[in-house]
Structures are given as C-alpha cells and as structure tokens.
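Novice: Below: one structure in structure tokens.
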Amino acid sequence: MSKLRVAIVGCGYWGQNLIRNFSELADVEVTAVCDFNLNALARTKRRYPAVELKQDFQQVVSDSRIHAVVIATPVSTHYPFASQALRAGKHVLVEKPMATSTKQVLELMELADKYNRTLMVDHTFLYTGAVRRMRSIIGAGEIGDLLYFDSVRISLGLVQSDINVIWDLAPHDFSIMDCLCPEDPVAVSAVGAKHLGCAFENIAYVTAHFASSMIAHFHLNWLAPVKVRKTLVGGTRKMIVYDDMETVEKVRLYDKGITVNHDSESRERILASYRNGDVLAPNLDTTEALRLMAREFIDSIVQKRLPICDGYAGYRVVRLLEAAQQSMELNGQPIELANPVGSRRIEEPALTAVVA
Ligand SMILES: NC(=O)c1ccc[n+]([C@@H]2O[C@H](COP(=O)([O-])OP(=O)(O)OC[C@H]3O[C@@H](n4cnc5c(N)ncnc54)[C@H](O)[C@@H]3O)[C@@H](O)[C@H]2O)c1
C-alpha cells in the first residue's frame with residue numbers, strides 16, 4: 001500500500017515531537033516540513049535528511065503530492081493555515097487550540113465537510129493512558145456522581161507572543177474535563193493578571209459552573225517556581241487524583257468520603273462520618289500519547305471516519321476559552337454558555353479502542 005504523504009508546518013518545540021511520531025508510522029512518509037525559520041529547518045534536516053524543506057506555507061498547499069498537513073505554528077496562524085490547506089484538498093491536523101474563535105472552528109468544519117476531508121485537533125491528553133483510564137473509571141460509575149473537577153497547571157512556562165496563559169494551557173484541562181465529565185457547563189468565569197511586562201495574562205483562575213452542584217476550577221500560571229500538573233475529580237463515592245508529574249502511579253483512586261447527617265435533636269449540629277478506605281493506583285498504558293494521536297489522524301483518513309478529536313471536539317474547547325476570555329475582560333463576570341451546537345460527545349469505547 002502506498003504511504004500517506006504528510007507535511008508538518010512549524011518545526012519548533014512541539015513540531016519536533018510531531019515529526020518524530022509521524023516519521024515512525026510505517027504507513028506514513030513525512031514528505032516535507034515547513035518553517036519560516038531557517039535554523040529550525042536546518043535542525044530538522046540534520047535529523048531527517050530525506051525530508052524536503054519549505055520556507056513558505058504556499059509551497060505546502062500547492063504541492064499536489066501532499067495528502068495531509070499538520071499545523072504546529074503559533075495559535076494565531078491555525079485558522080488561516082488550516083482553511084487554506086482544506087481548500088487545497090488536504091486533510092488537516094491542527095494543534096490545540098483549534099482556532100482563536102468558535103466562528104473560525106465552525107468555518108473549518110464547514111470546509112472539511114465541503115471538501116470531504118478529515119479535520120482533527122491535537123488534544124494530546126485524551127490519548128494518555130491516565131485520561132483514558134479515568135474515563136473508563138468514571139464511565140463505569142465507580143466514583144459516583146461528579147461533584148468537582150479541580151486542576152492546577154503551573155510552571156515557569158514559556159510566555160507566548162500571541163496568546164495568554166488561558167489559551168496556552170487551558171485547552172489541555174478543558175479537553176480533559178470535556179472528556180471526563182458527562183455534564184456541559186452552563187457558564188464560565190475567569191480572572192487573570194499580567195506581570196513583569198507580559199503583553200498577555202500570565203496567571204488566571206477559571207471557574208466552570210454547571211446546572212447541577214458540580215463545579216470546575218482551573219488554576220493556570222506561567223510564573224510559578226515549581227511545575228505542578230495535578231487534577232482532582234471528586235465524586236459522591238470515590239475521588240481521583242491525577243498527578244502528571246508522577247512517573248508511576250499517575251492516577252490514584254481514593255475510596256474516601258464524608259457522609260453528612262443532620263442531628264434530629266439539634267438542627268445546627270451536623271454529624272459527619274469519614275470513610276477512609278483503600279487507595280488504588282491502576283495500571284496505565286504507557287504508549288506515548290502523541291503516537292496514538294498521530295495514528296488516530298492517519299486511521300481516520302484511511303478509514304474515512306471522524307476522528308475522536310474532530311472539529312466538534314475543537315469547538316467544545318474553544319467555546320470555553322472564548323467565554324473565559326470574555327469573562328476576564330469583564331473582571332470575572334460569569335458568561336453564560338449556550339448549548340453547544342450538535343450533541344455528539346466523545347464516546348468511551350472509541351477512546352479505549354485507540355490502543356487496540
Ligand atoms: N499538544 C500539546 O501538548 C502541545 C504542546 C506544546 C505546544 N502545542 C501547540 O503547538 C503549536 C506550536 O507551539 P510550540 O511550542 O512548538 O511553538 P514554537 O515557537 O516552539 O514553534 C513554532 C514554530 O512555528 C514557526 N512559525 C511561526 N510562524 C510561522 C509561519 N507563518 N510559517 C511557518 N512557520 C512559522 C516558528 O518559526 C517556530 O519554529 C502551538 O499551537 C501550541 O499550542 C501543543
């Protein structure tokens with residue numbers, strides 16, 4: 001069978017990981033890489049001598065040998081590059097976040113439909129063993145009804161030139177929450193601050209509100225002295241702690257909780273009983289998430305099916321980013337969310353099948 005010919009645009013930090021993973025797929029040829037930075041191209045050529053170098057994106061879209069384009073350039077370029085590639089009949093994988101507005105994402109989805117091409121976003125975390133396992137634990141009802149989702153993603157991060165910390169880091173947490181939580185948020189509020197001459201907010205606190213008593217909080221910071229990547233998911237029966245900085249036991253399932261009873265004789269008195277059960281660290285698949293994500297992109301093209309992280313998944317994340325941005329500009333005023341267009345959610349069997 002002939003190989004699928006892929007071009008990767010943007011040979012920076014993440015682009016290098018994409019080039020490595022796509023190059024290692026037996027049915028893919030990384031035909032070309034594109035970057036306007038000659039040093040980035042030269043570095044790539046040293047590692048992948050067979051690859052063609054292109055400095056101008058137009059050379060990629062006009063190359064009829066190329067079937068698919070992977071876009072790993074700054075966020076502001078995602079929409080213009082993805083729309084040009086789709087119009088040129090290429091399948092497109094875009095880095096997170098898919099675009100800078102829901103309007104742009106919907107336009108990309110329309111183009112993918114019109115030209116009958118695959119459109120996918122790289123929500124890498126959904127392909128990790130940790131998130132896939134948490135999804136199956138939650139889906140099986142093991143932790144009960146969800147009460148909260150609480151994530152901290154902080155470090156001395158790479159300050160971005162075109163986006164704030166929400167658009168940089170929250171796509172990870174929003175996509176994880178979207179995958180794990182069966183309920184859609186009804187509003188989002190956010191506050192943030194700019195420090196040390198940063199053009200965009202380098203720290204932000206985002207809250208997602210739900211119609212039930214479920215609540216989600218996201219702490220995002222590029223200016224922290226330590227790297228923390230921790231998510232807590234609380235349920236009525238059990239709780240999960242996902243610590244991505246752990247090398248082993250990234251996910252721990254705690255059989256802990258509190259049962260609250262009101263004293264029938266004194267209305268003010270609350271009787272709480274504490275449950276301190278076992279802690280379980282499930283065995284996780286350690287396949288590199290990016291490898292599975294790359295495989296999924298190619299398989300969805302070849303099998304002519306929607307990828308798990310399709311335009312709609314991109315849309316669901318960008319609509320939360322957009323609302324958080326709007327709220328931050330209004331000093332934290334909650335922004336109500338309309339129901340997302342369409343109704344499809346990521347199905348757990350599809351996610352589990354990724355490694356099959
Ligand atoms: N999925 C993930 O976990 C993950 C992690 C990091 C970054 N990313 C995403 O990857 C993308 C790139 O991030 P990065 O950290 O690699 O950035 P980077 O700055 O290291 O690399 C971007 C590259 O794009 C090139 N570039 C910029 N504009 C260009 C243009 N118009 N034409 C051609 N080349 C151009 C730059 O020269 C640079 O080499 C972003 O969208 C980011 O959100 C995703």
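Every chain in the structure tokens takes a letter, A first, then B, and so on in the order presented; its residues are numbered from 1, and the ligands are numbered from 1 following the presented order.
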Tell me, as a list in words, which residues lie within 9 Å of region 136-147 of chain A, counting only C-alpha atoms; anything in the same chain fewer than 3 positions away does not count.
Specialist: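 Listed by chain and then number, they are Val131, Arg132, Arg133, Leu180, Cys181, Pro182, Ser212, Ser213, Met214, Ile215, Ala216, Val233, Gly234, Gly235, Thr236, Arg237, Lys238, Met239, Ile240, Leu253, Tyr254, Asp255, Glu348, Pro349 and Thr352 of chain A.
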Novice: Please return, as a VMD selection string, all residues of region 113-229 of chain A that DSSP assigns to strand (DSSP E) on the basis of the backbone.
Specialist: chain A and resid 119 to 122 146 to 156 187 to 193 203 to 209 215 to 221 223 to 229
Novice: What does the list of residues within 6 Å of ligand 1 look like if you count only C-alpha atoms and all ligand atoms, written as a PyMOL selection string?
Specialist: chain A and resi 10-15+34-37+40+57+72-75+95-96+122-124+168
Novice: Just the selected residues (C-alpha atoms), exported as a compact mmCIF listing (two decimals), in the first residue's frame, please.
Specialist:
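Once everything was written out, this is again31.txt:
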# COMPACT_ATOMS: atom_id res chain seq x y z
CA GLY A 10 6.17 24.55 12.35
CA CYS A 11 9.37 22.79 13.43
CA GLY A 12 9.55 24.30 16.90
CA TYR A 13 9.23 22.59 20.26
CA TRP A 14 6.03 20.66 19.55
CA GLY A 15 6.59 20.31 15.81
CA CYS A 34 7.75 23.98 6.65
CA ASP A 35 9.04 26.77 8.87
CA PHE A 36 9.98 30.34 8.11
CA ASN A 37 12.91 30.00 10.46
CA ALA A 40 14.54 25.31 12.62
CA PHE A 57 3.33 27.67 3.57
CA ALA A 72 2.12 23.28 14.74
CA THR A 73 2.68 27.01 14.36
CA PRO A 74 1.53 29.77 16.77
CA VAL A 75 -2.19 29.80 17.57
CA GLU A 95 -2.52 21.83 17.20
CA LYS A 96 -4.56 22.88 20.20
CA ASP A 122 -4.46 17.56 18.76
CA HIS A 123 -5.97 17.27 22.24
CA THR A 124 -2.97 15.16 23.24
CA ASP A 168 -1.99 28.26 26.01
Novice: Looking at only C-alpha atoms, which of A:Leu321, A:Cys309, A:Ile258, A:Ala99 is the one that sits closest to Val188 (chain A)?
Specialist: A:Leu321
Novice: When you look at Lys103 (chain A) with a cut-off of 10 Å (counting only C-alpha atoms), what residues show up, excluding the ones that are within fewer than 5 positions of it in the same chain? I need them as a PyMOL selection string.
Specialist: chain A and resi 108-109+315+318-319
Novice: Selection from above, N, CA and C atoms, as a short mmCIF file (atom, residue, chain, number, x, y, z; two decimals), in the first residue's frame, can you write it?
Specialist:
data_model
loop_
_atom_site.label_atom_id
_atom_site.label_comp_id
_atom_site.auth_asym_id
_atom_site.auth_seq_id
_atom_site.Cartn_x
_atom_site.Cartn_y
_atom_site.Cartn_z
N LEU A 108 -14.04 26.07 9.72
CA LEU A 108 -13.14 24.96 9.35
C LEU A 108 -13.95 23.66 9.20
N MET A 109 -14.92 23.47 10.09
CA MET A 109 -15.76 22.26 10.00
C MET A 109 -16.55 22.24 8.68
N TYR A 315 -14.29 22.62 18.75
CA TYR A 315 -15.30 23.65 19.01
C TYR A 315 -15.65 23.71 20.51
N VAL A 318 -12.84 25.44 22.35
CA VAL A 318 -12.68 26.86 22.01
C VAL A 318 -13.84 27.68 22.58
N ARG A 319 -15.02 27.11 22.67
CA ARG A 319 -16.14 27.90 23.21
C ARG A 319 -15.91 28.21 24.70
#
Novice: Which region 16-48 of chain A residues have any atom within 10 Å of an atom of region 283-307 of chain A, and for each, what is the nearest pair of atoms with distance in Å to one decimal, counting only C-alpha atoms, rows sorted by chain and number, as CSV?
Specialist:
residue,atom,partner,partner_atom,distance
A:Asn17,CA,A:Leu290,CA,7.8
A:Leu18,CA,A:Leu290,CA,7.3
A:Ile19,CA,A:Ala294,CA,9.9
A:Arg20,CA,A:Arg291,CA,9.0
A:Asn21,CA,A:Arg291,CA,5.4
A:Phe22,CA,A:Ala294,CA,6.2
A:Ser23,CA,A:Ala294,CA,9.9
A:Glu24,CA,A:Arg291,CA,8.5
A:Leu25,CA,A:Arg295,CA,7.4
A:Asp27,CA,A:Ile298,CA,8.6
A:Val28,CA,A:Ile298,CA,8.1
Novice: Write out as a PyMOL selection string the set of residues from region 52-222 of chain A that DSSP, computed on the backbone, places in helix (DSSP H, G or I).
Specialist: chain A and resi 57-61+75-87+102-114+124-127+129-139+165-180
Novice: Taking 2 positions as the minimum chain separation for residues in the same chain, which residues sit within 10 Å of Lys3 (chain A) when counting only C-alpha atoms? Answer as a ChimeraX atom specification.
Specialist: /A:1,5-6,25-30,67
Novice: Can you pull out every residue within 8 Å of region 312-314 of chain A, counting only C-alpha atoms, but drop anything in the same chain fewer than 3 positions away, and send it as a PDB file with C-alpha atoms, in the first residue's frame?
Specialist:
ATOM      1  CA  LYS A  96      -4.561  22.885  20.201  1.00  0.00           C
ATOM      2  CA  PRO A  97      -6.458  25.160  20.407  1.00  0.00           C
ATOM      3  CA  MET A  98      -8.008  24.584  17.003  1.00  0.00           C
ATOM      4  CA  VAL A 105     -13.766  26.480  14.127  1.00  0.00           C
ATOM      5  CA  MET A 109     -15.757  22.256   9.999  1.00  0.00           C
ATOM      6  CA  MET A 120      -8.737  16.942  13.611  1.00  0.00           C
ATOM      7  CA  VAL A 121      -7.328  18.810  16.603  1.00  0.00           C
ATOM      8  CA  SER A 175     -10.406  18.887  26.818  1.00  0.00           C
ATOM      9  CA  ILE A 308     -12.262  11.299  18.185  1.00  0.00           C
ATOM     10  CA  CYS A 309     -10.880  14.827  18.349  1.00  0.00           C
ATOM     11  CA  VAL A 317     -12.875  23.559  23.892  1.00  0.00           C
ATOM     12  CA  VAL A 318     -12.681  26.864  22.008  1.00  0.00           C
ATOM     13  CA  ARG A 344     -22.017  14.425  19.967  1.00  0.00           C
ATOM     14  CA  ARG A 345     -19.640  13.726  22.836  1.00  0.00           C
ATOM     15  CA  ILE A 346     -16.525  11.595  22.902  1.00  0.00           C
TER      16      ILE A 346
END
Novice: Quick one: residues within 6 Å of Glu201 (chain A), only C-alpha atoms counted, chain neighbours fewer than 5 positions away excluded, as a PyMOL selection string?
Specialist: chain A and resi 164+192-194
Novice: Keeping only C-alpha atoms, write those residues as a CSV table (one decimal), in the first residue's frame.
Specialist:
chain,number,residue,atom,x,y,z
A,164,ASN,CA,-2.4,34.5,27.2
A,192,GLY,CA,-6.3,36.9,35.5
A,193,ALA,CA,-3.3,39.3,35.7
A,194,LYS,CA,-0.3,40.5,33.7
